[in-house]
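What follows is the content of entry_33.txt, which has compact mmCIF, C-alpha atoms:
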# COMPACT_ATOMS: atom_id res chain seq x y z
CA MET A 13 128.50 153.97 84.91
CA SER A 14 130.72 153.78 81.87
CA THR A 15 131.04 150.43 80.12
CA SER A 16 133.88 148.87 78.22
CA CYS A 17 131.60 148.31 75.25
CA ASN A 18 130.44 150.79 72.66
CA PRO A 19 127.73 152.89 74.33
CA LEU A 20 124.49 153.80 72.62
CA SER A 21 124.62 157.45 71.72
CA ARG A 22 121.92 158.69 74.09
CA GLU A 23 118.98 157.52 76.20
CA GLY A 24 116.48 158.14 73.40
CA SER A 25 118.23 156.13 70.67
CA ALA A 26 116.52 152.75 71.05
CA VAL A 27 117.95 149.87 69.03
CA GLY A 28 116.91 146.35 68.01
CA ILE A 29 118.12 143.24 69.79
CA SER A 30 120.82 142.45 67.23
CA GLU A 31 122.45 145.82 67.88
CA LEU A 32 122.16 145.28 71.65
CA VAL A 33 123.99 141.95 71.20
CA GLU A 34 126.67 143.56 69.07
CA ARG A 35 127.30 146.52 71.36
CA SER A 36 127.20 144.55 74.63
CA GLY A 37 129.23 141.60 73.39
CA VAL A 38 126.74 139.29 75.14
CA PRO A 39 125.43 136.46 72.85
CA LEU A 40 121.78 136.55 71.76
CA ALA A 41 120.86 133.32 73.57
CA THR A 42 122.36 134.70 76.79
CA VAL A 43 120.49 138.01 76.46
CA LYS A 44 117.23 136.06 76.03
CA TYR A 45 118.08 133.88 79.03
CA TYR A 46 118.70 136.96 81.18
CA ILE A 47 115.31 138.38 80.13
CA ARG A 48 113.54 135.09 80.97
CA SER A 49 115.36 134.98 84.35
CA ARG A 50 114.25 138.59 85.05
CA LEU A 51 117.84 139.81 85.39
CA LEU A 52 117.38 142.00 82.31
CA MET A 53 114.20 143.99 81.79
CA PRO A 54 112.39 143.21 78.51
CA GLY A 55 112.63 145.72 75.66
CA GLU A 56 109.75 147.96 74.67
CA SER A 57 107.52 146.32 72.03
CA THR A 58 107.18 148.48 68.93
CA SER A 59 105.35 145.82 66.86
CA ALA A 60 104.30 142.20 67.20
CA THR A 61 107.79 141.04 66.21
CA ARG A 62 110.10 143.83 67.33
CA SER A 63 111.26 145.20 70.70
CA VAL A 64 113.69 148.03 71.24
CA TYR A 65 116.41 148.47 73.87
CA THR A 66 118.09 151.50 75.39
CA GLU A 67 121.20 152.58 77.29
CA ALA A 68 119.59 151.15 80.45
CA HIS A 69 119.71 147.64 78.94
CA LEU A 70 123.35 148.01 77.96
CA ARG A 71 124.24 149.21 81.43
CA ARG A 72 122.32 146.34 83.04
CA LEU A 73 124.12 143.80 80.84
CA ALA A 74 127.48 145.23 82.01
CA LEU A 75 126.31 144.85 85.63
CA ILE A 76 125.19 141.23 85.09
CA ARG A 77 128.48 140.41 83.40
CA ALA A 78 130.46 141.96 86.26
CA LEU A 79 128.46 140.02 88.87
CA THR A 80 128.64 136.66 87.10
CA ASP A 81 131.92 136.66 85.16
CA VAL A 82 134.05 138.77 87.50
CA ALA A 83 132.53 138.42 90.97
CA GLY A 84 131.67 134.77 90.27
CA LEU A 85 128.00 134.87 91.29
CA SER A 86 125.57 132.28 90.00
CA VAL A 87 122.75 133.66 87.86
CA GLN A 88 120.44 132.97 90.80
CA LYS A 89 122.58 135.00 93.26
CA ALA A 90 122.97 137.78 90.66
CA GLY A 91 119.14 137.79 90.55
CA VAL A 92 119.03 138.43 94.32
CA VAL A 93 121.33 141.45 93.97
CA ILE A 94 119.42 142.79 90.96
CA GLY A 95 116.10 142.25 92.76
CA LEU A 96 117.38 144.49 95.56
CA ILE A 97 118.49 147.10 93.03
CA ASP A 98 115.13 147.01 91.20
CA ASN A 99 112.99 146.86 94.34
CA PRO A 100 114.97 148.49 97.13
CA GLN A 101 113.50 148.27 100.57
CA THR A 102 112.71 151.46 102.43
CA ASN A 103 115.67 150.81 104.72
CA ILE A 104 118.76 151.33 102.53
CA PHE A 105 121.06 150.04 105.29
CA GLU A 106 119.20 146.72 105.27
CA SER A 107 119.17 146.56 101.46
CA LEU A 108 122.93 147.14 101.39
CA GLY A 109 123.48 144.36 103.93
CA LYS A 110 121.35 141.89 101.99
CA ALA A 111 123.02 142.75 98.67
CA VAL A 112 126.55 142.30 100.07
CA ALA A 113 125.48 139.06 101.81
CA ALA A 114 124.53 137.69 98.35
CA LEU A 115 128.22 137.84 97.34
CA PRO A 116 130.58 134.92 97.98
CA PRO A 117 131.89 133.46 100.25
CA TYR A 118 128.69 131.80 101.43
CA PRO A 119 128.07 130.38 104.92
CA HIS A 120 128.82 126.69 105.41
CA ALA A 121 125.74 124.48 105.40
CA ARG A 122 126.35 123.46 109.00
CA GLU A 123 126.02 127.05 110.23
CA SER A 124 122.44 127.58 111.31
CA PRO A 125 121.03 131.11 111.51
CA ASP A 126 120.85 130.65 115.27
CA ALA A 127 124.61 130.22 115.33
CA ALA A 128 124.79 133.91 114.42
CA LEU A 129 124.80 134.72 118.11
CA GLU A 130 127.83 132.53 118.76
CA TYR A 131 130.96 133.57 116.81
CA PRO A 132 133.03 134.29 119.92
CA ARG A 133 136.28 135.31 118.15
CA ALA A 134 134.59 137.69 115.71
CA ARG A 135 132.47 139.29 118.43
CA ALA A 136 135.44 139.76 120.75
CA LEU A 137 137.46 141.40 117.96
CA LEU A 138 134.65 143.74 116.89
CA GLN A 139 133.92 144.76 120.46
CA ARG A 140 137.60 145.36 121.14
CA VAL A 141 137.95 147.70 118.16
CA GLY A 142 134.62 149.36 118.92
CA GLN A 143 132.73 148.63 115.71
CA ARG A 144 128.95 148.41 115.43
CA TYR A 145 127.77 145.27 113.67
CA ASP A 146 124.70 143.17 113.03
CA PRO A 147 125.49 139.66 114.41
CA HIS A 148 123.39 138.14 111.60
CA PHE A 149 125.46 139.83 108.87
CA ALA A 150 127.27 137.14 106.81
CA ALA A 151 130.67 138.79 107.28
CA VAL A 152 130.56 138.04 111.05
CA ALA A 153 130.43 134.31 110.28
CA GLN A 154 133.19 134.75 107.66
CA LEU A 155 135.38 136.53 110.20
CA GLU A 156 134.79 133.83 112.80
CA ARG A 157 135.75 131.05 110.34
CA ALA A 158 138.86 132.95 109.25
CA LEU A 159 140.00 133.67 112.82
CA ALA A 160 139.37 130.05 113.88
CA ALA A 161 141.40 128.76 110.91
CA ALA A 162 144.33 131.08 111.69
CA GLU A 163 144.22 129.95 115.33
CA ALA A 164 144.12 126.25 114.39
CA ALA A 165 147.17 126.70 112.14
CA GLY A 166 149.14 128.31 114.96
CA LEU A 167 148.90 131.94 113.81
CA PRO A 168 146.19 133.35 116.11
CA MET A 169 145.20 137.02 115.78
CA SER A 170 146.73 139.06 118.60
CA ASP A 171 144.95 142.04 120.16
CA ASP A 172 147.60 144.42 118.88
CA ARG A 173 147.39 143.07 115.35
CA ALA A 174 143.58 143.26 115.40
CA ARG A 175 143.74 146.89 116.47
CA ARG A 176 146.14 147.83 113.69
CA TYR A 177 144.26 145.87 111.02
CA ALA A 178 141.01 147.55 112.07
CA GLU A 179 142.58 151.01 111.89
CA HIS A 180 143.90 150.61 108.35
CA ILE A 181 140.96 148.62 107.01
CA MET A 182 138.62 151.29 108.37
CA ALA A 183 140.69 153.94 106.54
CA ILE A 184 140.34 151.97 103.28
CA ALA A 185 136.59 151.54 103.88
CA ARG A 186 136.25 155.32 104.42
CA VAL A 187 137.81 156.03 101.02
CA GLU A 188 135.39 153.53 99.47
CA LEU A 189 132.25 154.79 101.19
CA ALA A 190 133.14 158.39 100.27
CA GLY A 191 132.76 157.38 96.60
CA MET A 192 129.29 155.85 97.04
CA PRO A 193 126.70 157.69 94.93
CA ASN A 194 123.94 159.27 97.04
CA ASP A 195 121.54 160.13 94.20
CA SER A 196 119.51 156.91 94.43
CA VAL A 197 119.26 153.74 96.49
CA GLN A 198 119.69 151.71 93.27
CA ASN A 199 123.01 153.35 92.43
CA ALA A 200 124.23 153.02 96.02
CA ILE A 201 123.52 149.27 96.06
CA GLU A 202 125.08 148.76 92.64
CA TYR A 203 128.21 150.60 93.82
CA ALA A 204 128.35 148.57 97.05
CA VAL A 205 128.12 145.14 95.42
CA LEU A 206 130.48 145.99 92.56
CA GLY A 207 132.92 147.80 94.84
CA THR A 208 132.94 144.95 97.37
CA SER A 209 133.52 142.19 94.85
CA LEU A 210 135.71 143.97 92.29
CA TYR A 211 138.08 145.58 94.78
CA GLU A 212 138.63 142.50 96.97
CA PRO A 213 141.11 140.98 94.46
CA VAL A 214 142.76 144.41 94.01
CA ILE A 215 143.42 144.63 97.76
CA LEU A 216 144.70 141.05 98.02
CA ALA A 217 147.09 141.49 95.08
CA MET A 218 148.33 144.83 96.47
CA ARG A 219 148.97 143.17 99.85
CA ARG A 220 151.12 140.44 98.26
CA LEU A 221 153.02 143.10 96.33
CA ALA A 222 153.50 145.17 99.50
CA HIS A 223 155.03 142.07 101.13
CA GLN A 224 157.36 141.68 98.18
CA ASP A 225 158.45 145.32 98.36
CA LEU A 226 159.11 145.07 102.12
CA ALA A 227 160.92 141.73 101.77
CA ALA A 228 163.12 143.16 98.99
CA GLN A 229 164.01 146.03 101.33
CA MET A 230 164.64 143.70 104.28
CA PHE A 231 166.91 141.32 102.39
CA ALA A 232 168.72 144.15 100.63
CA ASP A 233 169.50 145.56 104.11
CA ASP A 234 170.71 142.12 105.20
CA ASP A 235 173.06 141.96 102.21
CA GLU A 236 174.51 145.34 103.10
CA ASN A 237 175.12 144.27 106.70
CA THR A 238 176.95 141.04 105.84
CA MET B 22 153.85 126.63 116.03
CA SER B 23 151.08 125.50 118.32
CA THR B 24 148.46 123.16 116.92
CA SER B 25 144.81 122.71 117.72
CA CYS B 26 145.35 119.03 118.42
CA ASN B 27 146.85 117.40 121.45
CA PRO B 28 150.63 117.91 121.24
CA LEU B 29 153.14 115.17 121.95
CA SER B 30 154.77 115.91 125.28
CA ARG B 31 158.29 116.66 124.01
CA GLU B 32 160.59 116.16 121.04
CA GLY B 33 162.00 112.90 122.38
CA SER B 34 158.71 111.10 123.01
CA ALA B 35 158.29 109.26 119.74
CA VAL B 36 154.98 107.46 119.20
CA GLY B 37 153.55 104.85 116.86
CA ILE B 38 151.45 105.69 113.81
CA SER B 39 148.13 104.98 115.57
CA GLU B 40 148.92 107.59 118.19
CA LEU B 41 149.98 110.07 115.47
CA VAL B 42 146.59 109.51 113.81
CA GLU B 43 144.75 110.00 117.06
CA ARG B 44 146.58 113.14 118.12
CA SER B 45 146.57 114.81 114.70
CA GLY B 46 142.99 113.92 113.83
CA VAL B 47 144.18 113.00 110.31
CA PRO B 48 142.93 109.55 109.16
CA LEU B 49 145.49 106.74 108.75
CA ALA B 50 144.96 106.40 104.98
CA THR B 51 145.53 110.15 104.58
CA VAL B 52 148.71 110.08 106.69
CA LYS B 53 150.04 107.25 104.50
CA TYR B 54 149.07 109.15 101.34
CA TYR B 55 150.95 112.24 102.57
CA ILE B 56 154.04 110.11 103.22
CA ARG B 57 153.84 108.55 99.72
CA SER B 58 153.39 112.04 98.22
CA ARG B 59 156.47 113.26 100.14
CA LEU B 60 154.45 115.96 101.97
CA LEU B 61 155.09 114.21 105.29
CA MET B 62 158.50 112.81 106.12
CA PRO B 63 158.49 109.05 106.92
CA GLY B 64 158.82 107.95 110.53
CA GLU B 65 161.98 106.47 111.95
CA SER B 66 162.02 102.66 111.61
CA THR B 67 162.55 100.93 114.96
CA SER B 68 161.86 97.43 113.65
CA ALA B 69 160.79 95.74 110.42
CA THR B 70 157.15 96.53 111.18
CA ARG B 71 157.23 99.66 113.30
CA SER B 72 158.12 103.31 112.70
CA VAL B 73 157.95 106.11 115.22
CA TYR B 74 156.87 109.72 114.81
CA THR B 75 157.70 112.92 116.70
CA GLU B 76 156.46 116.44 117.32
CA ALA B 77 157.88 117.41 113.91
CA HIS B 78 155.40 115.06 112.20
CA LEU B 79 152.48 116.47 114.16
CA ARG B 80 153.50 119.99 113.27
CA ARG B 81 153.88 119.09 109.61
CA LEU B 82 150.41 117.50 109.55
CA ALA B 83 148.97 120.75 110.94
CA LEU B 84 150.74 122.67 108.16
CA ILE B 85 149.45 120.32 105.43
CA ARG B 86 145.93 120.58 106.81
CA ALA B 87 146.12 124.38 106.89
CA LEU B 88 147.37 124.51 103.29
CA THR B 89 144.83 122.04 101.89
CA ASP B 90 141.70 122.42 104.03
CA VAL B 91 141.93 126.11 104.86
CA ALA B 92 143.95 127.73 102.08
CA GLY B 93 142.37 125.40 99.52
CA LEU B 94 145.58 124.16 97.87
CA SER B 95 145.65 120.90 95.95
CA VAL B 96 147.98 118.25 97.39
CA GLN B 97 150.27 118.91 94.43
CA LYS B 98 150.46 122.68 95.14
CA ALA B 99 150.92 121.99 98.87
CA GLY B 100 153.84 119.80 97.78
CA VAL B 101 155.44 122.77 95.99
CA VAL B 102 155.21 124.90 99.15
CA ILE B 103 156.53 122.09 101.35
CA GLY B 104 159.36 121.40 98.88
CA LEU B 105 160.45 125.04 99.26
CA ILE B 106 160.27 124.73 103.07
CA ASP B 107 162.27 121.47 103.06
CA ASN B 108 164.80 122.57 100.44
CA PRO B 109 164.99 126.35 100.60
CA GLN B 110 167.06 128.03 97.95
CA THR B 111 170.00 130.15 99.00
CA ASN B 112 168.04 133.25 98.03
CA ILE B 113 165.28 133.50 100.66
CA PHE B 114 163.60 136.37 98.76
CA GLU B 115 163.19 134.09 95.73
CA SER B 116 161.98 131.16 97.87
CA LEU B 117 159.36 133.41 99.48
CA GLY B 118 158.16 134.60 96.06
CA LYS B 119 157.86 131.05 94.73
CA ALA B 120 156.04 129.83 97.83
CA VAL B 121 153.48 132.65 97.74
CA ALA B 122 153.04 132.17 93.97
CA ALA B 123 151.97 128.55 94.71
CA LEU B 124 148.90 129.90 96.54
CA PRO B 125 145.64 130.60 94.70
CA PRO B 126 144.48 132.50 92.66
CA TYR B 127 146.38 130.99 89.73
CA PRO B 128 147.09 132.73 86.42
CA HIS B 129 144.59 132.15 83.64
CA ALA B 130 145.74 129.62 81.05
CA ARG B 131 145.78 132.27 78.34
CA GLU B 132 148.41 134.31 80.16
CA SER B 133 151.80 133.30 78.83
CA PRO B 134 154.91 133.92 80.91
CA ASP B 135 155.94 136.47 78.26
CA ALA B 136 152.84 138.48 79.09
CA ALA B 137 154.52 139.22 82.43
CA LEU B 138 156.08 142.27 80.85
CA GLU B 139 152.72 143.66 79.77
CA TYR B 140 150.27 144.36 82.63
CA PRO B 141 150.01 148.10 81.93
CA ARG B 142 147.53 148.96 84.73
CA ALA B 143 149.42 147.08 87.44
CA ARG B 144 152.76 148.51 86.38
CA ALA B 145 151.41 152.07 86.26
CA LEU B 146 149.93 151.72 89.74
CA LEU B 147 153.08 150.22 91.26
CA GLN B 148 155.29 152.85 89.69
CA ARG B 149 152.96 155.62 90.86
CA VAL B 150 153.10 154.45 94.47
CA GLY B 151 156.85 153.79 94.23
CA GLN B 152 156.93 150.07 95.04
CA ARG B 153 159.64 147.69 93.90
CA TYR B 154 158.28 144.56 92.23
CA ASP B 155 159.30 141.61 90.12
CA PRO B 156 157.15 141.78 86.94
CA HIS B 157 157.09 137.96 86.83
CA PHE B 158 155.59 137.70 90.35
CA ALA B 159 152.10 136.17 90.09
CA ALA B 160 150.51 139.02 92.07
CA VAL B 161 151.32 141.48 89.26
CA ALA B 162 149.11 139.47 86.87
CA GLN B 163 146.43 139.21 89.61
CA LEU B 164 146.49 142.97 90.10
CA GLU B 165 146.24 143.59 86.35
CA ARG B 166 143.21 141.28 86.02
CA ALA B 167 141.52 142.87 89.05
CA LEU B 168 142.11 146.44 87.81
CA ALA B 169 140.91 145.54 84.29
CA ALA B 170 137.73 143.98 85.70
CA ALA B 171 136.98 147.04 87.85
CA GLU B 172 137.54 149.28 84.83
CA ALA B 173 135.28 147.16 82.60
CA ALA B 174 132.49 147.34 85.18
CA GLY B 175 132.70 151.14 85.32
CA LEU B 176 134.57 151.48 88.63
CA PRO B 177 138.15 152.21 87.48
CA MET B 178 140.85 152.77 90.12
CA SER B 179 141.64 156.48 90.44
CA ASP B 180 145.15 157.74 91.20
CA ASP B 181 144.02 159.14 94.53
CA ARG B 182 142.38 155.88 95.56
CA ALA B 183 145.46 153.89 94.51
CA ARG B 184 147.67 156.10 96.64
CA ARG B 185 145.48 155.72 99.72
CA TYR B 186 145.06 151.97 99.26
CA ALA B 187 148.81 151.56 98.92
CA GLU B 188 149.47 153.58 102.08
CA HIS B 189 147.14 151.52 104.28
CA ILE B 190 147.92 148.15 102.69
CA MET B 191 151.63 148.85 103.17
CA ALA B 192 150.94 149.61 106.86
CA ILE B 193 149.14 146.26 107.22
CA ALA B 194 151.99 144.47 105.41
CA ARG B 195 154.51 146.07 107.80
CA VAL B 196 152.66 144.66 110.83
CA GLU B 197 152.69 141.25 109.15
CA LEU B 198 156.35 141.25 108.12
CA ALA B 199 157.35 142.38 111.62
CA GLY B 200 155.98 139.07 112.93
CA MET B 201 157.96 136.92 110.49
CA PRO B 202 160.36 134.57 112.33
CA ASN B 203 164.00 135.17 111.42
CA ASP B 204 165.48 132.06 113.01
CA SER B 205 165.34 129.93 109.86
CA VAL B 206 164.39 130.16 106.19
CA GLN B 207 161.97 127.25 106.72
CA ASN B 208 160.06 129.07 109.45
CA ALA B 209 160.01 132.30 107.44
CA ILE B 210 158.48 130.55 104.39
CA GLU B 211 155.96 128.70 106.53
CA TYR B 212 154.91 131.98 108.16
CA ALA B 213 154.65 133.72 104.77
CA VAL B 214 152.44 131.11 103.10
CA LEU B 215 150.22 130.59 106.14
CA GLY B 216 150.00 134.31 106.87
CA THR B 217 149.18 135.16 103.26
CA SER B 218 146.44 132.58 102.88
CA LEU B 219 144.96 132.55 106.38
CA TYR B 220 144.78 136.32 106.81
CA GLU B 221 143.29 137.12 103.38
CA PRO B 222 139.78 136.07 104.48
CA VAL B 223 140.26 137.90 107.82
CA ILE B 224 141.00 141.15 105.95
CA LEU B 225 138.11 140.73 103.52
CA ALA B 226 135.60 140.02 106.31
CA MET B 227 136.92 142.98 108.35
CA ARG B 228 136.52 145.24 105.30
CA ARG B 229 132.86 144.25 104.86
CA LEU B 230 132.29 144.85 108.56
CA ALA B 231 134.01 148.25 108.37
CA HIS B 232 131.61 149.16 105.55
CA GLN B 233 128.68 148.12 107.72
CA ASP B 234 129.92 150.19 110.65
CA LEU B 235 130.40 153.27 108.44
CA ALA B 236 127.05 152.77 106.70
CA ALA B 237 125.30 152.47 110.08
CA GLN B 238 126.87 155.76 111.10
CA MET B 239 126.00 157.45 107.78
CA PHE B 240 122.35 156.42 107.82
CA ALA B 241 121.99 157.17 111.53
CA ASP B 242 123.18 160.71 110.73
CA ASP B 243 120.65 160.90 107.90
CA ASP B 244 117.86 159.92 110.26
CA GLU B 245 118.85 162.64 112.69
CA ASN B 246 118.82 165.25 109.93
CA THR B 247 115.36 164.40 108.62

Please express the file's structure as structure tokens.
Amino acid sequence: MSTSCNPLSREGSAVGISELVERSGVPLATVKYYIRSRLLMPGESTSATRSVYTEAHLRRLALIRALTDVAGLSVQKAGVVIGLIDNPQTNIFESLGKAVAALPPYPHARESPDAALEYPRARALLQRVGQRYDPHFAAVAQLERALAAAEAAGLPMSDDRARRYAEHIMAIARVELAGMPNDSVQNAIEYAVLGTSLYEPVILAMRRLAHQDLAAQMFADDDENT
Amino acid sequence: MSTSCNPLSREGSAVGISELVERSGVPLATVKYYIRSRLLMPGESTSATRSVYTEAHLRRLALIRALTDVAGLSVQKAGVVIGLIDNPQTNIFESLGKAVAALPPYPHARESPDAALEYPRARALLQRVGQRYDPHFAAVAQLERALAAAEAAGLPMSDDRARRYAEHIMAIARVELAGMPNDSVQNAIEYAVLGTSLYEPVILAMRRLAHQDLAAQMFADDDENT
């Protein structure tokens, strides 16, 4: 993963903490806090008063910053994701699900885990479009809430619309999954959490801009016809 | 627009405020606050102490609730949207843009209006995929921020990915625009703001579920091969 900050020249060139602070742009107190919180691995002690840091530390700091500053995770939730990256379970599919479930939005307090088997709108939609899903996956509850809200406001999801959404969203997801690294479970999880959270705002902004482009076309046509 | 609450039987059957409260599910103090804030039109006075309310009030309350409770707008921002619905400008394209710009996410304080002409990543992407856009539209700034964040975290948008995203997002937007009512500017704006905000979480949840479906398939294939 490239970083926006000045990279250390190579894996072997270990540096002191002041240089890590300078190159990462993360303040010293914050770096120390991340080490205490086990988000960042400690440096290697070279004497009683000095530890050294490598490219791996710089890369980890960029990941923490992306999760907290950009994706908006609390340090505690970022710790869950990083714990899954550092100690992946043997089942990568399950690790991926848990990592993505650590991203916002979070379930409402009133939703008990047992409610996972309810979600009638989400289940009907997923069955209609023929997707496999784990009913305990957080996104099922998110979908149910979103569909219920649209229904309550008088814009319920129609079967036809669901089918078309699913087709195009699946095509987008295929492009994204094709880019997932398959060299290690760690890299796959890191890609999944960053890709999920960083590309959500890209997709939403592009959708609003697509509406604007289509509306410009529609009203330009109207002008020509009148 | 249908509502989740019990509708009044027909346009002519005006009711008192207590019945409006009961049927809308919105507390009396909140109804009065919406009237004072000009989000809800006052009832028609039938005596010095009594006003009556119609289906239009019930429908407006459902809209306010969708904007504030579901889309997360402040009462002040909901007022901007409702002002555009009540007093649409002659240019519907401009009214639509202003209404959608009143929805979150909002520009960062440090972004001046003059910065609208910057946004190099967003502009490059939109030009590459051949979309028309107004550089002052809030979604251009959103797209720039989102692309910059992805780049900083080491997952920059590639040209190929941008092209495929644009293709499928445009297809989704076409389905959505096709459903926009064309009987009045008011109804078109209401559809645009509700559709934008209520369907964003639907799309995001469906994307996470599409990832899960594809990952299940990928790892099932792996199991078969080993």

Review point. For Met192 in chain A, which of B:Ala35, B:Ala160, B:Val121, B:Leu176 is the closest residue, counting only C-alpha atoms?
Key: B:Leu176

Point to revise | Gap from CA of Ile201 in chain A to CA of Leu108 in chain A - Å, one decimal | key: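 Atom-to-atom, CA of Ile201 in chain A and CA of Leu108 in chain A are spaced 5.8 Å apart.
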
**Study point:** Long-range neighbours of Thr80 in chain A as a list in words, 12 Å cut-off, only C-alpha atoms, 3 positions minimum in chain
**Key:**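 Counting only C-alpha atoms, the residues come to Tyr46, Leu51, Leu73, Ala74, Leu75, Ile76, Arg77, Ala83, Gly84, Leu85, Ser86, Val87, Gln88, Lys89, Ala90, Gly91, Val93, Ile94, Leu115, Pro116, Val205, Leu206, Ser209 and Leu210 of chain A; Ala170 and Ala174 of chain B.
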
Exercise for review: Report the distance between CA of Gly175 in chain B and CA of Val150 in chain B in Å, rounded to one decimal place.
Suggested key: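 These atoms are spaced 22.6 Å apart.
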
Review point. What is the distance between CA of Leu105 in chain B and CA of Val206 in chain B, in Å to one decimal?
Key: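 For CA of Leu105 in chain B relative to CA of Val206 in chain B, the distance reads 9.5 Å.
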
Exercise for review: Determine which residues of chain A sit within 7 Å of chain B, taking into account all atoms listed in the file, and present them as a ChimeraX atom specification.
Suggested key: /A:13-16,74-75,78,82,105,143-145,151,154-155,158-159,161-162,164-166,177,180-182,184-185,210,212-214,216-225,227-228,231
